[in-house]
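Here is the file data-v3.txt (compact mmCIF, C-alpha atoms).
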```
# COMPACT_ATOMS: atom_id res chain seq x y z
CA MET H 9 -1.28 -8.14 20.98
CA THR H 10 -0.64 -11.88 20.86
CA VAL H 11 -3.38 -14.50 20.98
CA SER H 12 -2.31 -18.08 21.71
CA GLY H 13 -4.10 -21.41 21.74
CA PRO H 14 -3.19 -25.06 22.36
CA PRO H 15 -2.54 -27.70 19.67
CA SER H 16 -5.75 -29.01 18.12
CA PRO H 17 -6.72 -32.42 16.70
CA GLY H 18 -7.53 -31.47 13.12
CA ILE H 19 -7.88 -28.44 10.91
CA GLU H 20 -11.50 -27.74 11.88
CA MET H 21 -10.71 -27.73 15.59
CA ALA H 22 -7.82 -25.39 14.87
CA LEU H 23 -10.12 -23.08 12.92
CA ARG H 24 -12.72 -23.06 15.70
CA ARG H 25 -10.12 -22.22 18.31
CA MET H 26 -8.72 -19.54 16.05
CA SER H 27 -12.16 -18.01 15.70
CA ASP H 28 -12.61 -18.10 19.48
CA ASP H 29 -9.22 -16.45 19.97
CA LEU H 30 -10.07 -13.73 17.49
CA ALA H 31 -13.37 -13.04 19.19
CA ALA H 32 -11.69 -12.90 22.60
CA SER H 33 -8.98 -10.57 21.33
CA ALA H 34 -11.61 -8.30 19.79
CA ARG H 35 -13.41 -8.08 23.13
CA ILE H 36 -10.17 -7.19 24.93
CA ALA H 37 -9.37 -4.54 22.33
CA GLU H 38 -12.84 -3.08 22.70
CA GLN H 39 -12.48 -2.92 26.47
CA HIS H 40 -9.34 -0.83 26.01
CA ARG H 41 -10.96 1.32 23.32
CA LEU H 42 -8.58 0.01 20.68
CA SER H 43 -9.51 -0.66 17.08
CA VAL H 44 -8.03 -2.96 14.48
CA SER H 45 -6.96 -0.97 11.44
CA GLY H 46 -7.23 -2.47 7.96
CA GLN H 47 -6.09 -1.63 4.47
CA ALA H 48 -9.10 -2.78 2.54
CA PRO H 49 -11.56 -0.02 1.66
CA THR H 50 -14.36 -2.06 3.18
CA GLY H 51 -12.63 -1.86 6.57
CA THR H 52 -12.37 -5.64 6.89
CA GLU H 53 -9.68 -7.01 9.14
CA GLN H 54 -6.37 -8.09 7.66
CA ARG H 55 -4.97 -11.38 8.82
CA TRP H 56 -1.92 -13.61 8.56
CA LEU H 57 -2.44 -17.30 9.04
CA ASN H 58 -0.12 -20.25 9.67
CA VAL H 59 -0.82 -23.93 9.98
CA PRO H 60 2.06 -26.05 11.42
CA GLY H 61 2.12 -29.01 13.76
CA GLN H 62 1.76 -29.47 17.51
CA THR H 63 2.55 -25.87 18.25
CA THR H 64 0.73 -23.12 20.02
CA THR H 65 -1.10 -20.43 18.14
CA SER H 66 -0.19 -16.78 18.40
CA THR H 67 -1.63 -13.67 16.81
CA ASP H 68 -0.37 -10.09 16.63
CA HIS H 69 -2.94 -7.43 15.88
CA ARG H 70 -2.56 -3.90 14.66
CA LEU H 71 -4.34 -1.80 17.23
CA ASN H 72 -5.12 1.88 17.29
CA ALA H 73 -6.20 3.94 20.27
CA PRO H 74 -9.03 6.42 19.63
CA GLY H 75 -7.81 9.29 17.50
CA GLN H 76 -4.63 7.52 16.45
CA THR H 77 -3.70 6.06 13.08
CA THR H 78 -0.98 3.63 12.10
CA THR H 79 0.42 2.63 8.75
CA GLY H 80 2.47 -0.46 9.40
CA THR H 81 0.86 -2.72 11.99
CA ASP H 82 -0.68 -6.07 11.17
CA HIS H 83 -2.21 -9.20 12.61
CA ARG H 84 -0.33 -12.32 13.43
CA LEU H 85 -2.62 -15.19 14.12
CA ASN H 86 -1.78 -18.84 14.81
CA ALA H 87 -3.92 -21.88 15.42
CA PRO H 88 -2.59 -25.44 15.50
CA GLY H 89 -4.15 -28.75 14.63
CA GLN H 90 -3.58 -32.27 13.37
CA THR H 91 -4.77 -33.76 10.11
CA THR H 92 -6.09 -37.27 9.77
CA THR H 93 -2.77 -38.21 8.14
CA GLY H 94 -0.94 -37.27 11.31
CA THR H 95 0.19 -33.85 10.11
CA ASP H 96 -0.22 -31.01 12.54
CA HIS H 97 -1.22 -27.45 11.90
CA ARG H 98 -0.74 -24.04 13.44
CA LEU H 99 -2.52 -21.05 12.01
CA SER H 100 -0.80 -17.70 12.37
CA THR H 101 -1.11 -14.14 11.18
CA SER H 102 1.56 -11.45 11.05
CA GLY H 103 2.74 -8.38 9.25
CA GLN H 104 6.48 -8.33 9.46
CA SER H 105 8.62 -7.31 6.54
CA SER H 106 10.56 -10.02 4.77
CA ALA H 107 14.14 -10.01 5.94
CA GLY H 108 15.17 -12.44 3.22
CA VAL H 109 13.82 -10.33 0.35
CA ARG H 110 15.81 -7.54 -1.21
CA SER H 111 13.62 -4.56 -1.91
CA ASP H 112 13.68 -0.82 -1.56
CA GLY H 113 12.26 1.09 1.38
CA GLY H 114 8.95 1.74 -0.38
CA GLU H 115 8.38 -1.96 -0.94
CA GLN H 116 9.26 -2.77 2.67
CA ALA H 117 6.81 -0.11 3.83
CA ALA H 118 4.13 -1.53 1.57
CA TRP H 119 4.87 -5.03 2.90
CA SER H 120 4.63 -4.01 6.54
CA ALA H 121 1.48 -1.94 5.94
CA THR H 122 -0.41 -5.00 4.71
CA ALA H 123 -1.27 -8.30 6.33
CA GLY H 124 -1.12 -11.87 5.12
CA ILE H 125 -1.60 -15.49 6.05
CA ARG H 126 1.24 -17.86 6.84
CA VAL H 127 0.44 -21.56 6.77
CA GLY H 128 2.76 -24.01 8.51
CA LEU H 129 2.57 -27.76 7.95
CA GLU H 130 4.44 -30.84 9.10
CA ALA H 131 7.72 -31.06 7.21
CA GLY H 132 7.06 -34.61 6.03
CA LEU H 133 8.42 -38.10 6.34
CA ASP H 134 11.93 -39.15 5.47
CA GLY H 135 11.87 -41.01 2.18
CA GLY H 136 9.72 -40.80 -0.92
CA GLY H 137 6.02 -40.62 -1.64
CA PRO H 138 3.69 -37.59 -1.70
CA LEU H 139 4.04 -37.12 2.07
CA GLY H 140 7.83 -37.46 2.05
CA LEU H 141 9.94 -34.44 2.90
CA PRO H 142 11.55 -34.03 -0.56
CA ARG H 143 8.19 -34.15 -2.34
CA ARG H 144 6.49 -31.79 0.11
CA TRP H 145 9.38 -29.31 -0.05
CA ALA H 146 9.27 -29.28 -3.85
CA LEU H 147 5.46 -29.05 -3.98
CA ALA H 148 5.36 -26.21 -1.48
CA HIS H 149 7.66 -24.18 -3.74
CA THR H 150 5.77 -24.76 -6.99
CA LEU H 151 2.41 -24.32 -5.28
CA ALA H 152 3.40 -21.07 -3.55
CA PRO H 153 3.05 -18.66 -6.53
CA VAL H 154 -0.28 -20.24 -7.46
CA LEU H 155 -1.67 -19.62 -3.98
CA ALA H 156 -0.17 -16.14 -3.96
CA ALA H 157 -2.03 -15.35 -7.18
CA ALA H 158 -5.32 -16.87 -6.03
CA PHE H 159 -5.30 -15.09 -2.66
CA ALA H 160 -3.80 -11.77 -3.83
CA ASN H 161 -5.55 -8.96 -1.97
CA SER H 162 -3.25 -5.97 -1.41
CA PRO H 163 -3.53 -3.83 -4.56
CA LEU H 164 -3.65 -0.39 -2.96
CA ARG H 165 -1.11 2.00 -1.48
CA HIS H 166 -2.52 5.02 0.34
CA GLY H 167 -5.92 4.09 -1.07
CA ARG H 168 -4.75 4.12 -4.70
CA PRO H 169 -4.08 1.25 -7.14
CA THR H 170 -0.39 0.36 -7.35
CA GLY H 171 -0.36 -1.68 -10.55
CA TRP H 172 0.06 -4.83 -8.45
CA ARG H 173 -2.64 -7.12 -7.17
CA SER H 174 -0.37 -7.96 -4.23
CA VAL H 175 2.14 -5.36 -3.12
CA ARG H 176 3.36 -7.86 -0.54
CA GLN H 177 4.37 -10.39 -3.19
CA ALA H 178 5.73 -7.65 -5.45
CA ALA H 179 8.76 -7.52 -3.15
CA ARG H 180 9.47 -11.09 -4.28
CA ARG H 181 9.08 -10.45 -7.98
CA THR H 182 12.67 -11.42 -8.84
CA LEU H 183 12.56 -14.77 -7.04
CA PRO H 184 12.92 -17.97 -9.07
CA VAL H 185 10.58 -20.89 -8.49
CA HIS H 186 12.40 -23.76 -6.80
CA ALA H 187 12.54 -26.76 -9.12
CA GLY H 188 12.80 -29.40 -6.40
CA GLY H 189 15.37 -32.16 -6.21
CA GLY H 190 18.32 -32.38 -3.86
CA ASP H 191 18.26 -32.36 -0.09
CA PRO H 192 15.69 -29.90 1.40
CA ARG H 193 17.78 -29.51 4.56
CA ALA H 194 20.86 -28.59 2.55
CA ALA H 195 18.81 -26.20 0.39
CA TRP H 196 17.39 -24.40 3.42
CA THR H 197 20.77 -24.23 5.12
CA ALA H 198 22.36 -22.71 2.03
CA TYR H 199 19.58 -20.14 1.74
CA ALA H 200 19.65 -19.20 5.41
CA MET H 201 23.42 -18.85 5.55
CA GLY H 202 23.49 -16.68 2.43
CA ALA H 203 20.47 -14.45 3.13
CA SER H 204 21.19 -10.95 4.34
CA GLY H 205 19.72 -10.04 7.71
CA SER H 206 18.59 -6.74 9.13
CA GLY H 207 22.20 -5.61 9.50
CA GLY H 208 22.90 -6.12 5.81
CA SER H 209 25.24 -9.12 6.11
CA SER H 210 24.59 -12.83 5.99
CA PRO H 211 25.76 -15.42 8.53
CA ARG H 212 28.25 -16.65 5.93
CA GLN H 213 29.73 -13.15 5.62
CA THR H 214 29.85 -12.81 9.40
CA LEU H 215 31.75 -16.08 9.73
CA ARG H 216 34.21 -15.03 7.04
CA GLU H 217 34.82 -11.62 8.59
CA LEU H 218 34.69 -12.43 12.30
CA GLY H 219 35.35 -16.15 12.37
CA ARG H 220 32.38 -16.83 14.64
CA ILE H 221 28.68 -16.22 15.11
CA THR H 222 26.67 -16.69 18.28
CA ILE H 223 23.72 -19.06 18.54
CA ALA H 224 21.55 -16.14 19.63
CA ASP H 225 22.51 -14.16 16.52
CA LEU H 226 21.82 -17.13 14.28
CA GLU H 227 18.44 -17.80 15.88
CA ARG H 228 17.53 -14.13 15.52
CA HIS H 229 18.55 -14.23 11.86
CA LEU H 230 16.49 -17.36 11.16
CA ALA H 231 13.43 -15.89 12.89
CA GLY H 232 13.62 -12.83 10.66
CA LEU H 233 13.72 -14.69 7.34
CA ARG H 234 10.48 -14.47 5.38
CA PRO H 235 10.84 -16.39 2.10
CA PRO H 236 7.67 -17.80 0.50
CA VAL H 237 8.53 -21.26 1.87
CA ALA H 238 10.55 -21.66 5.05
CA ALA H 239 11.77 -24.60 7.14
CA ARG H 240 11.23 -24.06 10.85
CA GLY H 241 11.00 -27.64 12.05
CA HIS H 242 7.89 -27.62 9.86
CA LEU H 243 7.06 -26.19 6.44
CA GLU H 244 5.87 -22.60 6.52
CA LEU H 245 4.16 -21.00 3.51
CA ASP H 246 3.92 -17.21 3.64
CA VAL H 247 2.18 -16.42 0.36
CA ALA H 248 -1.45 -15.40 0.98
CA ASP H 249 -2.64 -11.86 1.59
CA HIS H 250 -5.29 -11.06 4.18
CA GLN H 251 -8.77 -12.15 3.11
CA PRO H 252 -12.17 -10.53 3.64
CA GLY H 253 -14.20 -11.80 6.59
CA ASP H 254 -13.50 -15.44 7.37
CA GLY H 255 -11.61 -16.01 4.13
CA TRP H 256 -8.53 -16.99 6.13
CA ARG H 257 -10.30 -20.32 6.70
CA VAL H 258 -10.22 -21.02 2.98
CA VAL H 259 -6.48 -20.31 2.83
CA ALA H 260 -5.83 -22.75 5.67
CA ALA H 261 -8.07 -25.47 4.25
CA VAL H 262 -6.78 -25.32 0.68
CA THR H 263 -3.11 -25.10 1.60
CA SER H 264 -3.20 -27.89 4.16
CA ILE H 265 -5.21 -30.37 2.08
CA LEU H 266 -3.04 -29.91 -1.02
CA LEU H 267 0.01 -30.98 0.94
CA ASP H 268 -1.51 -33.42 3.43
CA ASP H 269 -3.93 -35.50 1.35
CA PRO H 270 -1.82 -37.93 -0.74
CA ARG H 271 -4.08 -37.85 -3.80
CA ALA H 272 -4.55 -34.07 -3.68
CA ALA H 273 -0.78 -33.63 -3.26
CA THR H 274 -0.12 -35.77 -6.34
CA GLU H 275 -2.66 -33.81 -8.39
CA ALA H 276 -1.24 -30.49 -7.19
CA ALA H 277 2.27 -31.61 -8.11
CA ASP H 278 1.05 -32.54 -11.59
CA ALA H 279 -0.63 -29.13 -11.94
CA THR H 280 2.34 -27.06 -10.73
CA GLY H 281 5.46 -29.09 -11.46
CA HIS H 282 6.09 -27.34 -14.80
CA LEU H 283 6.00 -23.88 -13.19
CA ALA H 284 9.65 -24.07 -12.18
CA GLY H 285 10.52 -23.30 -15.80
CA GLU H 286 8.20 -20.32 -16.11
CA PRO H 287 9.95 -16.94 -16.41
CA ALA H 288 9.14 -14.12 -13.97
CA LEU H 289 6.43 -16.18 -12.30
CA TRP H 290 6.50 -14.34 -8.96
CA GLU H 291 6.25 -11.02 -10.77
CA ARG H 292 3.26 -12.31 -12.74
CA ALA H 293 1.62 -13.69 -9.59
CA ALA H 294 1.97 -10.34 -7.82
CA ARG H 295 0.95 -8.16 -10.77
CA ASP H 296 -1.48 -10.25 -12.84
CA ALA H 297 -2.67 -12.89 -10.36
CA LEU H 298 -5.18 -15.20 -12.06
CA THR H 299 -5.46 -13.09 -15.19
CA ASP H 300 -2.22 -14.87 -16.09
CA PRO H 301 -3.37 -17.95 -18.06
CA VAL H 302 -0.62 -20.24 -16.78
CA LEU H 303 -1.33 -19.43 -13.13
CA ALA H 304 -5.08 -19.56 -13.74
CA ALA H 305 -4.92 -23.07 -15.23
CA ALA H 306 -2.80 -24.35 -12.33
CA ALA H 307 -5.13 -22.72 -9.79
CA ARG H 308 -8.22 -24.33 -11.30
CA ASP H 309 -6.65 -27.80 -11.09
CA CYS H 310 -5.37 -27.20 -7.55
CA PHE H 311 -8.64 -25.87 -6.14
CA LEU H 312 -10.57 -28.74 -7.72
CA ALA H 313 -8.12 -31.19 -6.13
CA ALA H 314 -8.43 -29.37 -2.81
CA TYR H 315 -12.22 -29.62 -2.74
CA ALA H 316 -12.12 -33.33 -3.55
CA GLY H 317 -9.48 -33.88 -0.87
CA LEU H 318 -11.54 -32.08 1.75
CA ALA H 319 -14.51 -34.30 0.88
CA ARG H 320 -12.37 -37.44 1.21
CA GLN H 321 -11.13 -36.28 4.61
CA GLY H 322 -14.68 -35.77 5.86
CA VAL H 323 -14.32 -32.02 6.40
CA SER H 324 -17.58 -30.25 7.26
CA ARG H 325 -19.94 -29.17 4.51
CA GLU H 326 -19.65 -25.58 5.75
CA LEU H 327 -15.90 -25.46 5.14
CA ARG H 328 -16.18 -27.27 1.82
CA ASP H 329 -18.87 -24.82 0.73
CA ALA H 330 -16.59 -21.91 1.65
CA VAL H 331 -13.86 -23.38 -0.57
CA ALA H 332 -16.38 -24.02 -3.36
CA ASP H 333 -17.72 -20.47 -3.13
CA PHE H 334 -14.20 -19.01 -3.36
CA THR H 335 -13.40 -21.26 -6.30
CA GLU H 336 -16.55 -20.25 -8.17
CA ARG H 337 -16.29 -16.54 -7.37
CA TYR H 338 -12.61 -16.12 -8.10
CA VAL H 339 -10.64 -19.08 -9.44
CA TYR H 340 -13.01 -20.19 -12.19
CA ARG H 341 -13.42 -16.58 -13.31
CA GLY H 342 -9.73 -15.71 -13.38
CA ARG H 343 -10.15 -13.25 -10.52
CA CYS H 344 -8.78 -12.82 -6.99
CA PRO H 345 -9.99 -10.78 -3.98
CA ALA H 346 -7.80 -7.86 -5.09
CA ASP H 347 -10.03 -7.45 -8.14
CA ASP H 348 -12.99 -6.68 -5.86
CA VAL H 349 -10.90 -4.05 -4.06
CA LEU H 350 -9.84 -2.52 -7.37
CA ASP H 351 -13.42 -2.51 -8.64
CA GLN H 352 -14.48 -0.54 -5.57
CA ALA H 353 -11.50 1.82 -5.76
CA THR H 354 -12.07 2.67 -9.41
CA ALA H 355 -15.83 3.05 -8.94
CA ARG H 356 -15.43 5.74 -6.30
CA PRO H 357 -15.90 9.30 -7.65
```
Could you express the structure from this file as structure tokens?
Amino acid sequence: MTVSGPPSPGIEMALRRMSDDLAASARIAEQHRLSVSGQAPTGTEQRWLNVPGQTTTSTDHRLNAPGQTTTGTDHRLNAPGQTTTGTDHRLSTSGQSSAGVRSDGGEQAAWSATAGIRVGLEAGLDGGGPLGLPRRWALAHTLAPVLAAAFANSPLRHGRPTGWRSVRQAARRTLPVHAGGGDPRAAWTAYAMGASGSGGSSPRQTLRELGRITIADLERHLAGLRPPVAARGHLELDVADHQPGDGWRVVAAVTSILLDDPRAATEAADATGHLAGEPALWERAARDALTDPVLAAAARDCFLAAYAGLARQGVSRELRDAVADFTERYVYRGRCPADDVLDQATARP
């Protein structure tokens, strides 16, 4: 089921419209005696969230008819908006497997059986500065594993601990962290042309073997790519797992402000710039989350910068309090939502 909404002037308007869309979709599901299935033992909904610019919002839900069960459906949820700096947002939620990630069938099944939050933001301005495209592209890549660790929340498989705090990000454990520099457009083009699609070959291989590739095939290939950071006319970050309750709002707020507020973006770049040299960082983010001291230190600096940026932008006290509560409950304690799930799973007789 897809839920769509119009572009919104600001992150808070986008969040309100997203909430309205979710409520409306829940009512429709109830009318048809469908239920949203979740992975968390508490039964909370799983969501994906994206925030890009001047685009419509769309959400796919995993729905079960009475008496039926599913193992691989998820939510896709989008809500757009515009920041005070002129950046636009769309929030979206989905549960598709990552076509650009090499993993075995078990990992793909684990990926598709969980849900996450994709955040899309304006690509940035041509030229330098914290809001320039090169800086935003580089920051998105160094920030991505930090957010993945902070919002990790898929530690179970068939109700049992897997050894990972995020089985979704575990499929990316061999990825390097992009160091920045160079032309973002050229970097994305090189990645997209070399990434294997669902058929097992990349566009570059297809061109070498057949001498041509159709526009439709290329568009289909691009739509299926799911790296942590993607270029789709806007920046798209697909790094956060589903969150309990309205926690998807915190993901949207923190991610958007760290890239859209110039001061917060500078502070986040300072906190994460050195991570490009860290070995096995995606593996550590997926397995250890914020128990990893390097990721924990970066997360503390980033969440502090995010809260200050939200205050500067005049965001509501309610949303700032939600970010502060998450920071106090998880980030400052070296925990993530997956730790709550694991505590409950291990406490059961």
Exercise for review: Excluding Arg173 in chain H and any residue of its chain fewer than 4 positions from it, enumerate the residues within 10 Å of it, using all atoms listed in the file, and give them as a list in words.
Suggested key: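 My list of contacting residues is Ala156, Ala157, Phe159, Ala160, Asn161, Ser162, Pro163, Leu164, Pro169, Gln177, Ala178, Asp249, Arg292, Ala293, Ala294, Arg295, Asp296, Ala297, Leu298, Cys344, Pro345, Ala346, Asp347, Val349 and Leu350 of chain H.
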Selection: 8 Å around range 338-342 of chain H, all atoms listed in the file, excl. self and same-chain fewer than 6 positions, as a PDB file with C-alpha atoms, in the coordinates of the input:
```
ATOM      1  CA  ALA H 158      -5.320 -16.870  -6.030  1.00  0.00           C
ATOM      2  CA  LEU H 298      -5.180 -15.200 -12.060  1.00  0.00           C
ATOM      3  CA  THR H 299      -5.460 -13.090 -15.190  1.00  0.00           C
ATOM      4  CA  ALA H 304      -5.080 -19.560 -13.740  1.00  0.00           C
ATOM      5  CA  ALA H 307      -5.130 -22.720  -9.790  1.00  0.00           C
ATOM      6  CA  ARG H 308      -8.220 -24.330 -11.300  1.00  0.00           C
ATOM      7  CA  PHE H 311      -8.640 -25.870  -6.140  1.00  0.00           C
TER       8      PHE H 311
END
```
*asked:* Could you tell me how far CA of Gly188 in chain H sits from CA of Arg320 in chain H, in Å to one decimal place?
replied: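 Result for CA of Arg320 in chain H versus CA of Gly188 in chain H: 27.5 Å, one decimal.
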Q: Measure the distance from CA of Arg337 in chain H to CA of Asp268 in chain H in Å and round it to one decimal.
A: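 These two atoms are separated by 24.9 Å.
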Taking all atoms listed in the file into account, name the residue in H:Val302, H:Leu226, H:Ala314, H:Leu283 that is nearest to Ser210 in chain H.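 Of all the options, H:Leu226 lies closest to Ser210 in chain H.
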Separation of CA of Ala179 in chain H and CA of Ala306 in chain H, in Å?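 Going from CA of Ala179 in chain H over to CA of Ala306 in chain H covers 22.4 Å.
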Of H:Leu267, H:Ala276, H:Val127, H:Leu23, the one sitting nearest Ala238 in chain H when using all atoms listed in the file is H:Val127
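Taking only C-alpha atoms into account, Val175 in chain H lies nearest to H:Gly124 out of the set H:Gly124, H:Gly190, H:Gly137, H:Gly202.
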Give as a list in words every residue, naming chains and numbers as the document does, that has an atom within 8 Å of (-12.2, -26.7, -0.5), counting all atoms listed in the file.
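These residues have at least one counted atom within 8 Å: Val258, Ala261, Val262, Phe311, Leu312, Ala314, Tyr315, Ala316, Gly317, Leu318, Leu327, Arg328, Asp329, Ala330, Val331 and Ala332 of chain H.
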Taking a cut-off of 9 Å and counting all atoms listed in the file, can you build a table that, for each residue of range 217-286 of chain H near range 144-149 of chain H, reports the nearest atom pair and how far apart they are in Å (one decimal), sorted by chain then residue number, as JSON lines?
```
{"residue": "H:Pro236", "atom": "CA", "partner": "H:His149", "partner_atom": "CA", "distance": 7.7}
{"residue": "H:Val237", "atom": "CA", "partner": "H:His149", "partner_atom": "CA", "distance": 6.4}
{"residue": "H:Ala239", "atom": "CA", "partner": "H:Trp145", "partner_atom": "CA", "distance": 8.9}
{"residue": "H:Leu243", "atom": "CA", "partner": "H:Trp145", "partner_atom": "CA", "distance": 7.6}
{"residue": "H:Glu244", "atom": "CA", "partner": "H:Ala148", "partner_atom": "CA", "distance": 8.8}
{"residue": "H:Leu245", "atom": "CA", "partner": "H:Ala148", "partner_atom": "CA", "distance": 7.3}
{"residue": "H:Leu267", "atom": "CA", "partner": "H:Arg144", "partner_atom": "CA", "distance": 6.6}
{"residue": "H:Asp268", "atom": "CA", "partner": "H:Arg144", "partner_atom": "CA", "distance": 8.8}
{"residue": "H:Ala273", "atom": "CA", "partner": "H:Leu147", "partner_atom": "CA", "distance": 7.8}
{"residue": "H:Ala276", "atom": "CA", "partner": "H:Leu147", "partner_atom": "CA", "distance": 7.6}
{"residue": "H:Ala277", "atom": "CA", "partner": "H:Leu147", "partner_atom": "CA", "distance": 5.8}
{"residue": "H:Thr280", "atom": "CA", "partner": "H:Leu147", "partner_atom": "CA", "distance": 7.7}
{"residue": "H:Gly281", "atom": "CA", "partner": "H:Leu147", "partner_atom": "CA", "distance": 7.5}
{"residue": "H:Ala284", "atom": "CA", "partner": "H:His149", "partner_atom": "CA", "distance": 8.7}
```
Next item on the list: Compare H:Pro153, H:Phe334, H:Gly140, H:Glu130 by their minimum atom-to-atom distance to Arg257 in chain H, counting all atoms listed in the file, and give me the closest one.
Entry: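 Nearest to Arg257 in chain H: H:Phe334.
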message = Need the shell around Ala313 in chain H: protein/DNA/RNA residues with any atom at most 8 Å away, counting all atoms listed in the file. Skip same-chain ones fewer than 5 positions apart. Format as a list in words?
response = Leu266, Ala272, Glu275 and Ala276 of chain H
Since the input lacks some atoms of range 184-196 of chain H, please model N, CA, C and O atoms and print them as a PDB file, keeping the file's coordinate frame.
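Result file follows (out-v7.pdb):
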```pdb
ATOM      1  N   PRO H 184      13.201 -16.815  -8.212  1.00  0.00           N
ATOM      2  CA  PRO H 184      12.920 -17.970  -9.070  1.00  0.00           C
ATOM      3  C   PRO H 184      11.995 -18.921  -8.349  1.00  0.00           C
ATOM      4  O   PRO H 184      11.805 -18.831  -7.134  1.00  0.00           O
ATOM      5  N   VAL H 185      11.398 -19.831  -9.094  1.00  0.00           N
ATOM      6  CA  VAL H 185      10.580 -20.890  -8.490  1.00  0.00           C
ATOM      7  C   VAL H 185      11.465 -22.121  -8.328  1.00  0.00           C
ATOM      8  O   VAL H 185      12.064 -22.601  -9.291  1.00  0.00           O
ATOM      9  N   HIS H 186      11.553 -22.608  -7.101  1.00  0.00           N
ATOM     10  CA  HIS H 186      12.400 -23.760  -6.800  1.00  0.00           C
ATOM     11  C   HIS H 186      11.945 -24.971  -7.593  1.00  0.00           C
ATOM     12  O   HIS H 186      10.761 -25.306  -7.635  1.00  0.00           O
ATOM     13  N   ALA H 187      12.871 -25.641  -8.234  1.00  0.00           N
ATOM     14  CA  ALA H 187      12.540 -26.760  -9.120  1.00  0.00           C
ATOM     15  C   ALA H 187      12.465 -28.094  -8.386  1.00  0.00           C
ATOM     16  O   ALA H 187      12.075 -29.093  -8.979  1.00  0.00           O
ATOM     17  N   GLY H 188      12.808 -28.139  -7.116  1.00  0.00           N
ATOM     18  CA  GLY H 188      12.800 -29.400  -6.400  1.00  0.00           C
ATOM     19  C   GLY H 188      14.085 -30.181  -6.662  1.00  0.00           C
ATOM     20  O   GLY H 188      14.983 -29.743  -7.383  1.00  0.00           O
ATOM     21  N   GLY H 189      14.162 -31.369  -6.081  1.00  0.00           N
ATOM     22  CA  GLY H 189      15.370 -32.160  -6.210  1.00  0.00           C
ATOM     23  C   GLY H 189      16.397 -31.764  -5.164  1.00  0.00           C
ATOM     24  O   GLY H 189      16.369 -30.660  -4.636  1.00  0.00           O
ATOM     25  N   GLY H 190      17.302 -32.666  -4.866  1.00  0.00           N
ATOM     26  CA  GLY H 190      18.320 -32.380  -3.860  1.00  0.00           C
ATOM     27  C   GLY H 190      17.777 -32.553  -2.460  1.00  0.00           C
ATOM     28  O   GLY H 190      16.639 -32.974  -2.237  1.00  0.00           O
ATOM     29  N   ASP H 191      18.585 -32.198  -1.498  1.00  0.00           N
ATOM     30  CA  ASP H 191      18.260 -32.360  -0.090  1.00  0.00           C
ATOM     31  C   ASP H 191      17.608 -31.074   0.436  1.00  0.00           C
ATOM     32  O   ASP H 191      18.242 -30.018   0.439  1.00  0.00           O
ATOM     33  N   PRO H 192      16.342 -31.119   0.886  1.00  0.00           N
ATOM     34  CA  PRO H 192      15.690 -29.900   1.400  1.00  0.00           C
ATOM     35  C   PRO H 192      16.453 -29.259   2.551  1.00  0.00           C
ATOM     36  O   PRO H 192      16.504 -28.033   2.654  1.00  0.00           O
ATOM     37  N   ARG H 193      17.042 -30.077   3.427  1.00  0.00           N
ATOM     38  CA  ARG H 193      17.780 -29.510   4.560  1.00  0.00           C
ATOM     39  C   ARG H 193      18.996 -28.721   4.072  1.00  0.00           C
ATOM     40  O   ARG H 193      19.282 -27.631   4.573  1.00  0.00           O
ATOM     41  N   ALA H 194      19.698 -29.288   3.089  1.00  0.00           N
ATOM     42  CA  ALA H 194      20.860 -28.590   2.550  1.00  0.00           C
ATOM     43  C   ALA H 194      20.432 -27.314   1.828  1.00  0.00           C
ATOM     44  O   ALA H 194      21.104 -26.278   1.915  1.00  0.00           O
ATOM     45  N   ALA H 195      19.293 -27.375   1.113  1.00  0.00           N
ATOM     46  CA  ALA H 195      18.810 -26.200   0.390  1.00  0.00           C
ATOM     47  C   ALA H 195      18.444 -25.076   1.356  1.00  0.00           C
ATOM     48  O   ALA H 195      18.782 -23.903   1.122  1.00  0.00           O
ATOM     49  N   TRP H 196      17.769 -25.421   2.449  1.00  0.00           N
ATOM     50  CA  TRP H 196      17.390 -24.400   3.420  1.00  0.00           C
ATOM     51  C   TRP H 196      18.617 -23.823   4.119  1.00  0.00           C
ATOM     52  O   TRP H 196      18.712 -22.620   4.356  1.00  0.00           O
TER      53      TRP H 196
END
```
